[in-house]
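Trainee: Data: structure.cif, mmCIF, C-alpha atoms and all ligand atoms.
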```
data_input
#
loop_
_atom_site.label_atom_id
_atom_site.label_comp_id
_atom_site.auth_asym_id
_atom_site.auth_seq_id
_atom_site.Cartn_x
_atom_site.Cartn_y
_atom_site.Cartn_z
CA MET M 6 -18.07 71.52 62.32
CA GLU M 7 -14.81 72.44 60.73
CA MET M 8 -14.62 75.48 58.54
CA ALA M 9 -12.05 75.69 55.82
CA ILE M 10 -10.66 79.19 55.48
CA LYS M 11 -9.07 79.95 52.16
CA LEU M 12 -6.62 82.79 52.09
CA LYS M 13 -5.86 84.28 48.74
CA VAL M 14 -2.82 86.45 48.32
CA VAL M 15 -3.71 89.73 46.65
CA SER M 16 -2.61 89.61 43.05
CA PHE M 17 -1.95 93.05 41.62
CA LYS M 18 -2.41 91.68 38.11
CA GLU M 19 -5.96 90.56 38.97
CA GLU M 20 -6.71 93.85 40.73
CA TYR M 21 -5.47 95.72 37.66
CA LYS M 22 -7.71 93.58 35.43
CA SER M 23 -10.76 94.27 37.63
CA PHE M 24 -9.96 97.98 37.52
CA GLY M 25 -9.92 97.71 33.72
CA TYR M 26 -13.40 96.09 33.71
CA ALA M 27 -14.66 98.82 36.05
CA ALA M 28 -13.24 101.55 33.80
CA LYS M 29 -14.88 99.84 30.80
CA GLY M 30 -18.20 99.82 32.71
CA ALA M 31 -17.85 103.51 33.56
CA TRP M 32 -17.21 104.25 29.87
CA LYS M 33 -20.23 102.14 28.81
CA SER M 34 -22.46 103.91 31.34
CA LEU M 35 -21.83 107.14 29.38
CA MET M 36 -23.93 105.70 26.55
CA GLU M 37 -26.91 106.50 28.81
CA ARG M 38 -28.35 110.00 28.45
CA HIS M 39 -29.25 110.30 32.17
CA VAL M 40 -25.72 109.27 33.21
CA ARG M 41 -24.20 111.80 30.81
CA PHE M 42 -26.41 114.50 32.33
CA HIS M 43 -25.14 113.70 35.85
CA LEU M 44 -21.53 113.51 34.64
CA ILE M 45 -21.89 117.00 33.10
CA SER M 46 -23.42 118.20 36.40
CA PHE M 47 -20.41 116.74 38.23
CA LEU M 48 -17.98 118.52 35.88
CA LEU M 49 -19.95 121.73 36.42
CA VAL M 50 -19.53 121.28 40.19
CA LEU M 51 -15.74 121.12 39.67
CA VAL M 52 -15.75 124.34 37.63
CA VAL M 53 -18.02 126.19 40.10
CA ASN M 54 -15.90 124.99 43.05
CA TYR M 55 -12.81 126.35 41.35
CA LEU M 56 -14.45 129.69 40.49
CA LEU M 57 -15.83 130.09 44.03
CA ASN M 58 -12.45 129.15 45.52
CA LEU M 59 -13.92 126.57 47.94
CA ASN M 60 -11.87 125.24 50.85
CA THR M 61 -10.82 121.57 51.10
CA MET M 62 -13.82 120.46 53.19
CA GLU M 63 -16.28 122.24 50.87
CA TRP M 64 -14.60 120.59 47.86
CA ALA M 65 -14.85 117.18 49.54
CA VAL M 66 -18.54 117.48 50.49
CA THR M 67 -19.65 118.76 47.07
CA VAL M 68 -17.61 116.13 45.18
CA VAL M 69 -19.02 113.32 47.36
CA ALA M 70 -22.59 114.61 46.88
CA ALA M 71 -22.19 114.89 43.09
CA THR M 72 -20.49 111.50 42.65
CA LEU M 73 -23.15 109.86 44.85
CA VAL M 74 -25.86 111.08 42.46
CA LEU M 75 -23.80 109.92 39.45
CA SER M 76 -23.22 106.47 40.99
CA MET M 77 -26.91 106.11 41.93
CA GLU M 78 -27.86 106.95 38.35
CA VAL M 79 -25.54 104.23 37.05
CA MET M 80 -27.06 101.71 39.52
CA ASN M 81 -30.54 102.83 38.45
CA THR M 82 -29.58 102.11 34.83
CA VAL M 83 -28.20 98.71 35.89
CA ILE M 84 -31.52 97.81 37.56
CA GLU M 85 -33.57 99.02 34.56
CA ASP M 86 -31.43 96.98 32.16
CA LEU M 87 -31.45 93.94 34.46
CA MET M 88 -35.24 94.01 34.81
CA ASP M 89 -35.74 94.44 31.04
CA PHE M 90 -33.39 91.47 30.52
CA VAL M 91 -34.97 89.07 33.03
CA HIS M 92 -38.57 90.20 32.41
CA PRO M 93 -39.08 92.06 29.12
CA ASP M 94 -42.91 92.10 29.50
CA ARG M 95 -44.76 94.64 31.60
CA HIS M 96 -45.42 93.57 35.18
CA PRO M 97 -46.38 95.59 38.29
CA SER M 98 -43.37 94.16 40.20
CA VAL M 99 -40.98 95.28 37.45
CA GLY M 100 -42.54 98.74 37.62
CA ARG M 101 -42.19 98.81 41.43
CA ILE M 102 -38.53 97.71 41.32
CA LYS M 103 -37.70 100.34 38.68
CA ASP M 104 -39.55 103.03 40.65
CA LEU M 105 -37.63 102.13 43.83
CA ALA M 106 -34.33 102.33 41.96
CA ALA M 107 -35.32 105.75 40.63
CA GLY M 108 -36.28 106.72 44.21
CA ALA M 109 -32.67 106.11 45.29
CA VAL M 110 -31.50 108.67 42.70
CA PHE M 111 -34.18 111.05 43.95
CA PHE M 112 -32.87 110.86 47.55
CA ALA M 113 -29.25 111.34 46.46
CA ALA M 114 -30.23 114.29 44.26
CA GLY M 115 -32.22 115.82 47.15
CA GLY M 116 -29.17 115.55 49.40
CA ALA M 117 -26.98 117.10 46.70
CA LEU M 118 -29.41 120.03 46.37
CA ILE M 119 -29.23 120.64 50.12
CA VAL M 120 -25.41 120.50 50.00
CA ALA M 121 -25.43 122.95 47.06
CA GLY M 122 -27.76 125.30 48.94
CA LEU M 123 -25.60 125.22 52.09
CA ILE M 124 -22.25 125.65 50.35
CA TYR M 125 -22.96 127.68 47.22
CA GLY M 126 -25.93 129.64 48.61
CA PRO M 127 -24.04 132.01 50.98
CA LYS M 128 -21.15 132.47 48.50
CA ILE M 129 -23.44 133.38 45.62
CA TRP M 130 -25.43 135.64 47.99
CA ASP M 131 -22.19 137.45 48.92
CA LEU M 132 -21.25 137.84 45.26
CA LEU M 133 -24.63 139.38 44.47
CA ALA M 134 -24.71 141.61 47.56
N1 LIG M 201 -41.84 96.28 32.42
C1 LIG M 201 -42.50 97.22 33.12
N2 LIG M 201 -43.62 96.90 33.80
C2 LIG M 201 -44.28 97.85 34.51
N3 LIG M 201 -43.91 99.14 34.60
C3 LIG M 201 -42.80 99.52 33.95
C4 LIG M 201 -42.05 98.57 33.16
N4 LIG M 201 -40.99 99.23 32.61
C5 LIG M 201 -41.09 100.49 33.04
N5 LIG M 201 -42.16 100.68 33.84
C6 LIG M 201 -42.55 101.94 34.49
O1 LIG M 201 -42.05 103.01 33.71
C7 LIG M 201 -41.08 103.77 34.46
C8 LIG M 201 -39.96 104.16 33.53
O2 LIG M 201 -39.22 103.00 33.17
P1 LIG M 201 -38.05 103.01 32.11
O3 LIG M 201 -37.35 101.72 32.17
O4 LIG M 201 -38.60 103.40 30.79
O5 LIG M 201 -37.13 104.14 32.74
P2 LIG M 201 -36.76 105.61 32.25
O6 LIG M 201 -36.40 106.41 33.45
O7 LIG M 201 -37.83 106.15 31.33
O8 LIG M 201 -35.42 105.27 31.50
P3 LIG M 201 -34.94 105.60 30.02
O9 LIG M 201 -35.29 107.06 29.77
O10 LIG M 201 -33.49 105.32 30.12
O11 LIG M 201 -35.69 104.65 29.13
C9 LIG M 201 -40.67 102.83 35.60
O12 LIG M 201 -40.17 103.55 36.71
C10 LIG M 201 -41.94 102.08 35.88
O13 LIG M 201 -42.80 102.85 36.68
#
```
Can you dump the structure from the file as structure tokens?
Mentor:
Amino acid sequence: MEMAIKLKVVSFKEEYKSFGYAAKGAWKSLMERHVRFHLISFLLVLVVNYLLNLNTMEWAVTVVAATLVLSMEVMNTVIEDLMDFVHPDRHPSVGRIKDLAAGAVFFAAGGALIVAGLIYGPKIWDLLA
């Protein structure tokens, strides 16, 4: 069986347009209270990192942990909205899907707390000592 392979040359105009849609989506996600909370937490991480004078690796790990939680919260909102759109009535499966999506945020937040404990913990301990 022959397979036709279509090669599409990367168009920077299209990539730019997609980036615009993504930026619009990020802006729209800020209409959600939970997303705003995680964005503020992320900004707080930046301020604390600066004040504690973290090294490059510590900056990288904390920024990845905080943006993972933020992204998971946006995806959780997407799933909640999607489920309410396709099935506005109450149904155990809708509840299960929404709970699983919230569980993903829970795992990411748990990881971020561990990262915060490992990186900020000793520095704050030193400051207080
Ligand atoms: N249609 C539904 N059928 C069954 N259970 C649902 C349904 N909608 C929500 N639930 C249950 O209620 C929980 C909360 O859902 P909801 O969509 O209200 O999220 P939320 O975290 O309260 O978000 P928000 O505060 O943005 O409204 C779900 O995790 C699920 O357990």
Trainee: Neighbouring residues of M:Leu57 were defined as those with any atom within 9 Å, considering all atoms listed in the file; residues of the same chain fewer than 3 positions away were excluded. Please report them as a list of chain:residue names.
Mentor: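 Close residues of M:Leu57: M:Val52, M:Val53, M:Asn54, M:Tyr125, M:Lys128, M:Ile129.
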Trainee: Listing only residues of chain M within 7 Å of ligand LIG 201 (chain M), what is the closest atom pair and its distance in Å (to one decimal) for each, using all atoms listed in the file, sorted by chain and residue number ascending, as a tab-separated table?
Mentor:
```
residue	atom	partner	partner_atom	distance
M:Glu37	CA	M:LIG201	O10	6.8
M:His39	CA	M:LIG201	O10	6.9
M:Thr82	CA	M:LIG201	O10	6.9
M:Glu85	CA	M:LIG201	O3	5.2
M:Asp89	CA	M:LIG201	N1	6.5
M:His92	CA	M:LIG201	N1	6.9
M:Pro93	CA	M:LIG201	N1	6.0
M:Asp94	CA	M:LIG201	N1	5.2
M:Arg95	CA	M:LIG201	N2	3.4
M:His96	CA	M:LIG201	N2	4.0
M:Pro97	CA	M:LIG201	C2	4.9
M:Ser98	CA	M:LIG201	C2	6.8
M:Val99	CA	M:LIG201	N2	4.8
M:Gly100	CA	M:LIG201	N3	3.3
M:Arg101	CA	M:LIG201	O13	6.3
M:Lys103	CA	M:LIG201	O12	4.5
M:Asp104	CA	M:LIG201	O12	4.0
M:Ala107	CA	M:LIG201	O12	6.6
```
Trainee: I'd like the interatomic distance between atom CA of M:Ser76 and atom CA of M:Glu19, to a tenth of an Å.
Mentor: 23.6 Å
Trainee: Name all residues at most 9 Å from M:Ala71 (count all atoms listed in the file; drop same-chain ones fewer than 4 positions away) and give them as a PDB file with C-alpha atoms, in the coordinates of the input.
Mentor:
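Generated output (part29.pdb):
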```pdb
ATOM      1  CA  HIS M  43     -25.140 113.700  35.850  1.00  0.00           C
ATOM      2  CA  LEU M  44     -21.530 113.510  34.640  1.00  0.00           C
ATOM      3  CA  SER M  46     -23.420 118.200  36.400  1.00  0.00           C
ATOM      4  CA  PHE M  47     -20.410 116.740  38.230  1.00  0.00           C
ATOM      5  CA  VAL M  50     -19.530 121.280  40.190  1.00  0.00           C
ATOM      6  CA  VAL M  66     -18.540 117.480  50.490  1.00  0.00           C
ATOM      7  CA  THR M  67     -19.650 118.760  47.070  1.00  0.00           C
ATOM      8  CA  LEU M  75     -23.800 109.920  39.450  1.00  0.00           C
ATOM      9  CA  SER M  76     -23.220 106.470  40.990  1.00  0.00           C
ATOM     10  CA  ALA M 113     -29.250 111.340  46.460  1.00  0.00           C
ATOM     11  CA  ALA M 114     -30.230 114.290  44.260  1.00  0.00           C
ATOM     12  CA  ALA M 117     -26.980 117.100  46.700  1.00  0.00           C
TER      13      ALA M 117
END
```
Trainee: Which residue out of M:Val40, M:Met88, M:Val79, M:Leu56 has the minimum interatomic distance to M:Leu132 when all atoms listed in the file are used?
Mentor: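 Selected residue with least distance to M:Leu132: M:Leu56.
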Trainee: If I take atom CA of M:Ala134 and atom CA of M:Glu63, how far is one from the other in Å, to one decimal?
Mentor: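 Rounded to one decimal, the two atoms are 21.4 Å apart.
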Trainee: So that I can see what lies close to M:Phe111, please list as a JSON list (two decimals) with C-alpha atoms, in the coordinates of the input the residues with an atom at most 10 Å from it, counting all atoms listed in the file and leaving out residues fewer than 5 positions away in the same chain.
Mentor:
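Result file out.json:
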```json
[["chain", "number", "residue", "atom", "x", "y", "z"],
["M", 74, "VAL", "CA", -25.86, 111.08, 42.46],
["M", 77, "MET", "CA", -26.91, 106.11, 41.93],
["M", 78, "GLU", "CA", -27.86, 106.95, 38.35],
["M", 105, "LEU", "CA", -37.63, 102.13, 43.83],
["M", 106, "ALA", "CA", -34.33, 102.33, 41.96],
["M", 116, "GLY", "CA", -29.17, 115.55, 49.40],
["M", 117, "ALA", "CA", -26.98, 117.10, 46.70]]
```
Trainee: Could you tell me which of M:Lys13, M:Val68, M:Asn81, M:Val91 comes closest to M:Val120 if we count only C-alpha atoms?
Mentor: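 Checking each of M:Lys13, M:Val68, M:Asn81, M:Val91 against M:Val120, counting only C-alpha atoms, the winner is M:Val68.
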Trainee: Which distance in Å separates atom CA of M:Gly30 and atom CA of M:Met80, to one decimal?
Mentor: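 A separation of 11.3 Å between them.
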Trainee: Would you compute the box with edges along x, y and z of the file around stretch 77-91 of chain M, including every atom the file lists for it and 5 Å extra on each side, and give its centre and edge lengths in Å to one decimal, as AutoDock Vina command-line options?
Mentor:
```
--center_x -30.6 --center_y 98.0 --center_z 36.2 --size_x 20.2 --size_y 27.9 --size_z 21.4
```
Trainee: Hey, which of M:Leu48, M:Val15, M:Ala70, M:Ile10 ends up closest to M:Gly115? Count all atoms listed in the file.
Mentor: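 Among the listed residues, M:Ala70 lies closest to M:Gly115.
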Trainee: Which residue is closest to M:Leu49? Choose from M:Ser34, M:Ser16, M:Thr72, M:Thr61 and count all atoms listed in the file.
Mentor: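 Under the stated criterion, the closest residue is M:Thr72.
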Trainee: Which residue is closest to M:Ala109? Choose from M:Ile84, M:Met36, M:Ala65, M:Leu59 and count all atoms listed in the file.
Mentor: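 Residue with the minimum atom-to-atom distance to M:Ala109: M:Ile84.
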